[in-house]
Every structure is written in C-alpha cells, then in structure tokens.
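Colleague: Structure provided below as structure tokens; questions to follow.
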Amino acid sequence: MLGTAYGIVAAWDWPEKAKIFPLAIGIPLFCLAAVEAAWSLLGSERRGGEARDFQLSAEGHGTRRAAVAVAWMLGFFAAIVLLGFPYAVPLFVFVYLKLQGRESWTLSIVMTVAVWGVFYGLFDRLLHLPFATGWLLGFLR
Amino acid sequence: MIEALFEGLALVLQWKALAFMLLGIGLGFWVGLLPGLGGATTLALMLPFIYTMQPVEAFAFLLGMHAVVATTGDITSVLFGVPGEGTSAATILDGHAMAKKGEAGRALGAALASSLLGAVVGALALALAIPVVRPLVLTFGSPELFMLAIVGIAFIASLSADGARGMLRGFLAGGLGLFLATIGQDPQAGVARYTLGTLYLWQGLELVPVLVGIFAIPEIIDLMVRGSSIASQLPAGQVSKGAWQGVRDTFRHFWLTMRCSLIGTFIGIMPGIGGSVAQWLAYGHATQSARNAEERKGFGEGDVRGVLGPGAANNSKEGGSLIPTVAFGVPGSTSMAILLGGFFLLGLVPGPDMLTKHLPVTFSMVWTIVLANVVTVLVCFMFLNRLARLTAVRGALLIPVIMVLVYIGSYTSNNHYGDIIVTLVFGAVGYLMVLGGWPRAPFVLGLVLGKIAENYLYISLARYDADWLTRPVVLVLMALAVVVIVYPVVQSRRKVARA
C-alpha cells in the first residue's frame, strides 16, 4: 500500500504521457492492496488463498539457517565487488565447500579448480565477458 | 508448393548447411543451459559470422541455434530451479517441484517431448499459415494487443492461487509487476520514473536479473536450509529414472500439449508480445484444464501438465514468430528482430519474395526448426537420466556452482553490479512471496507485459481516444477477461454449495 501510494504521489506531477499508465495501474493496485490489508487485519483467517507454487520444504525458514544462507549470498556479492569475479569465484567456491559444506581438502580444491576453469575458459577467454576489476584491487593498483 | 517444401528439405540436408546447423545446435545447447546467456544475445553475437554464408546455411546456423535454446533452457529450470532462459521460467513451478519429489527424469522427458511437439506445431504453422495469416495480424491493432496483455494477466492471476483471496493476491502480484515495469525512462515524454536517482534504473528493470532472483534465490535458500540434495533423501536409482514416463505423459495429455503449442504459435505471430508471455499463458491454460479444484491443487507441487504446457508453447512460438518476420518483415520478438538483420545482411528482403521467389529458403527454415529440435531431443535423451542424477548430488556441492551461475547470469545482462543487486532484491521478494503463499507467476507476467501494455495503451489513446474501447475484438477480449475472472469464483461457489 505504501509503495503504491508513493508511486501515485510521485507520478501525479509528471506530464500526461508519462503518468497515464502508472496511475492507471497504481490507483486500482492501491485499492486492491487496501482490501488485502483489511483482509489480513480483520479476516478470521490469517492465511488463505495459497499460491500454486512450490512450498518451502523445511522447517526453520526465517531462522538461523535461512540467515546463514542469506549471509553467504551477501558475502559472495561483497567478494565480487571488492575482488572482481575472477578472484571472487574460486575464493567463494573453496571457502563455501570447506566451511559450510565441510568437504575434504582434496574435493574442495578439485571442485574449485574445475569451477574456476569453466569460468575462466568459457566466460573470460571464449565469450570475453567484460568483468569489472574489484574495488579493492583497483584501489591497491 | 509441395515441390518447394521438399526442395527446402534438400537444401538443409546439404552437407555444408547441415554442418552449420549442427554447429548452431551445439552453441544453442549450451546457451540454453547457462542462465543469463540469452538466445537473442547469442544471435546478435553470431550475426557477423554469416556474411560469407549462403542464405540456407546462414538460417540453418542461426535458427538451429535459436530453436534449441528454449529446449535446453528447460533442463536448467527443472534440475536447479534456475531459469536457463527468460522463456523457460514457467517450467520451474512444476518441473523443479517434480525434481524435488525425485521425478527429475520424468519432468525432463516431458519437457523435451513437449518441446519437440511444440516445435513441430510451430513449424507446421509457419508452413501452412503464411498465405492466411495476413488478415489475422491486421485485425490486431494496438487496442487489441493491449487487451490481449490484460487478458493474459487476468488469466494467470485468477488461476495461480486458490479462492477469492488467492485471486486478489494474484491480481495484486500482477499489478505490482505491471507497476514495476514502469521504472525507467518513459518512452513518450522522457521522464525518469522511479529511478531513485540512479542512472542504472533509467533503462528499467532488466528481465533476466529479476527472473533469476525471484525463482533461483528462494530455491537456493531452501536447499541451504534443508542441507540435503535437491531430491532430498530419495535414492539415486529412483531419481535417474522416468524419462520415458515423461514422454508417455506428453502423449497422455496430447491435446493439452497441442493446445499449448497453438497458444505459443498464436503469441509468436502477434508482433511485440514477446516470447516470455507464451509460457505463462500456456501454464495458465494447463492449470485451467484441471477438471476440478482438487486436481488443480497439484499445480505448483509437481504436476506434469505444468511442465508440458510451457515446454510446448516455448518452442512453438518460434515458428509462430517467424511468420510475421518472413511474410511482412515485422519481427515478433527481439530475437526475430535480430534475425531480420540477418535477412538484410544476406541480401534478402522479407515479404512477398520470400513466399514466391525464395519459397524453398522459407521452407528450409521450417525444416531447420524441426530437425534442430529432433537432433537436440535425441541427444538429450541419450543422457537424460544421467542429468537427472544431478538432483541427487549433495546440496553442499551444488550450491556454490549454482550461485556462481546465478551471479554471472544476472551480471551479464548489463555487465553492472546493479544487476546482481536487482537479483538479490528480487530474490528477497520471491522468498517472501513463497513464504507468504503469494503467486509469483502473475508478478513475472506483469513485469514482462508492462512495457508492451503501456506502449499499446498510449498508441490506442493517441490514435482512437476512448473509442478504442468499442472495437469489436476489444469487446470480445474484455468479455473473455471477465469470464476468466468470474469462472473460478463460480466454480468455487458451486463446490461450496455442493459440500
């Protein structure tokens, strides 16, 4: 509701051509969001209307395990920003396998080399994808 | 015409054209498997290489590559829950759910067999429809195409969740998708809308990072939380079976597969609707084909019909989208726009000449689509059950590989860190939607259709003012939207009354 309210207010002063679609969608969306909010607050059932989609299959979502998963994702992103893909990819694969997966040294090293090999051979050498230099490495250079 | 049909086949079977087609298939196979590397991007990258080729060889190469991208994209979607292509995201909903139940082989078999059937239907449509498609395309102006987008969202929103509240959430999700599609520079007035002061958002939200985030991130978190393999504790022997069961499923639901193929072909024919839409409409139709609410409940939890519909539509749309490209020079999608560039590079002009003077070349395209899919499906079947075994590999070994693919896949959209941030943000949105029982399909369809719908609405208003609402096909589509919304409500009421 808040998001759509912001969208409507922000669009109000735009030229006619620019605001017609955001308003045509935003106003009904705000009304629907208000109904959903009222349903959640006043309805007898908290849940209902379950989506035909996959269900999270384990207990413990929203708890420590999920937080750890999110931390790994954010950590990988931080490594990419700081070091760039070419260094972050092998570092992440190895550290994840050793710390989170508790895999053996041999398997961790073999898998890291394999993933890095595919990354380097396919994306860097063959496809020449322009991976940015990490901020930290750029700063040190 | 029959002569030209066989001449087209003979042209494709010449050793050079066949070799280029196989090369294209090989490239398309890997592009489809890798998330983020889109078919359109690869077509653009390969376009400079066709300068020295003959038209038949060039189309065998380009179309051979493009025709199999959607087919192999389904493999990544089924096995890892990561969309290999933007056009194979809908396969995740039931395909990956099947993989988690230990039915990866069956899901892959169904996806590949339905893809093949869809490709044949699309190619047949291309062969048969060229002389008759002109009036159909001309009937659909901007108002009708706008209403078609609205019907699509109504269709998927009303069917993707249970009951009145589910429908409300479906429409909210679809509306949110449409709303988020307005982010970026407005095409008419040039206003920067909801860009939060960043340059990155001026071009709007890129589809691939959003799709990868909304589908892959929740799956990865779930896999990490479970700490097991994708197929949990099921024995490896069980997960590596069932590919033929999937093929049998395709023929058991033959008419559903055919109908979804026709939906894909129709969407492909309509210029500007885009390939990502066909899969969701087909998924919606597959859901609707369930005989009762009880049967419908299985969708999203691993119903093979949820794999067959998008699988067929994804591939049939290619033949469909070639129709306006070849016949009128009006590309039906981004990929077709790039292919149109190929026509000009080769000195061919789409239009009447392609249906008379160059008819064998046109038919060679039909054959390329069919042969490329036959080859791909046969090759895949040779190691399909082995591929399915990947779902029995420990999550700890798979997660870093999947995450590397996810991050590279989203980064390649713009080669910007913003792509990864978008993936992470929409990953959080997707996770919360799954946690709260909100449907993701209408959200994605809204996002896909948003820009197209806005464009068509603007043209409709500018050209016809409010009169566009009274056009006959618009009225029919409006009535269809109302039926699509009301029917599940009536069905649900009847069920309550019976109980």
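Identifiers for the structure tokens are assigned positionally: chains receive A, B, ... in sequence, residues are indexed from 1 per chain, and ligands are indexed from 1 in the order shown.
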Distance cut-off 6 Å, counting only C-alpha atoms - which residues of chain B neighbour chain A? Return them as a list of chain:residue names.
Modeller: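 The answer, sorted by residue number, is B:Leu93, B:Ser160, B:Ala161, B:Asp162, B:Gly163, B:Arg165, B:Gly166, B:Asp186, B:Ala189, B:Ile221, B:Val225, B:Arg226, B:Phe299, B:Gly300, B:Glu301, B:Ala396, B:Pro400, B:Gly437, B:Trp438, B:Pro439, B:Glu454.
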Colleague: Show me, as a list in words, the residues that have an atom within 6 Å of Ala282 (chain B) when counting only C-alpha atoms, minus same-chain residues fewer than 3 positions from it.
Modeller: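 The residues that qualify are Cys260, Gln279, His285, Gly309 and Pro310 of chain B.
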Colleague: Residues of the last selection are to be written out with C-alpha atoms, as a PDB file, in the first residue's frame.
Modeller:
```pdb
ATOM      1  CA  CYS B 260      -0.493 -25.043 -25.565  1.00  0.00           C
ATOM      2  CA  GLN B 279       4.917 -19.856 -21.461  1.00  0.00           C
ATOM      3  CA  HIS B 285      -4.240 -22.838 -19.689  1.00  0.00           C
ATOM      4  CA  GLY B 309       2.209 -26.530 -21.288  1.00  0.00           C
ATOM      5  CA  PRO B 310       5.170 -24.114 -21.078  1.00  0.00           C
TER       6      PRO B 310
END
```
Colleague: Given the choices B:Ala10, B:Val434, B:Met21, B:Leu172, which gets closest to Ile369 (chain B) if the distance is worked out from only C-alpha atoms?
Modeller: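 Smallest distance to Ile369 (chain B) is found for B:Met21.
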Colleague: Which residues, written as a ChimeraX atom specification, have at least one atom at most 12 Å from region 254-256 of chain B, with only C-alpha atoms counted and residues fewer than 3 positions away on the same chain left out?
Modeller: /B:110,113-114,117-118,246-251,259-263,282-290,304-313
Colleague: Among region 8-95 of chain B, which residues carry a DSSP assignment of alpha helix (DSSP H), reported as a count of residues only?
Modeller: 64
Colleague: Between B:Ser158, B:Thr265, B:Asn373, B:Ser229, which is the closest to Phe80 (chain B) once you count only C-alpha atoms?
Modeller: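 When distances to Phe80 (chain B) are compared using only C-alpha atoms, the smallest one comes from B:Ser229.
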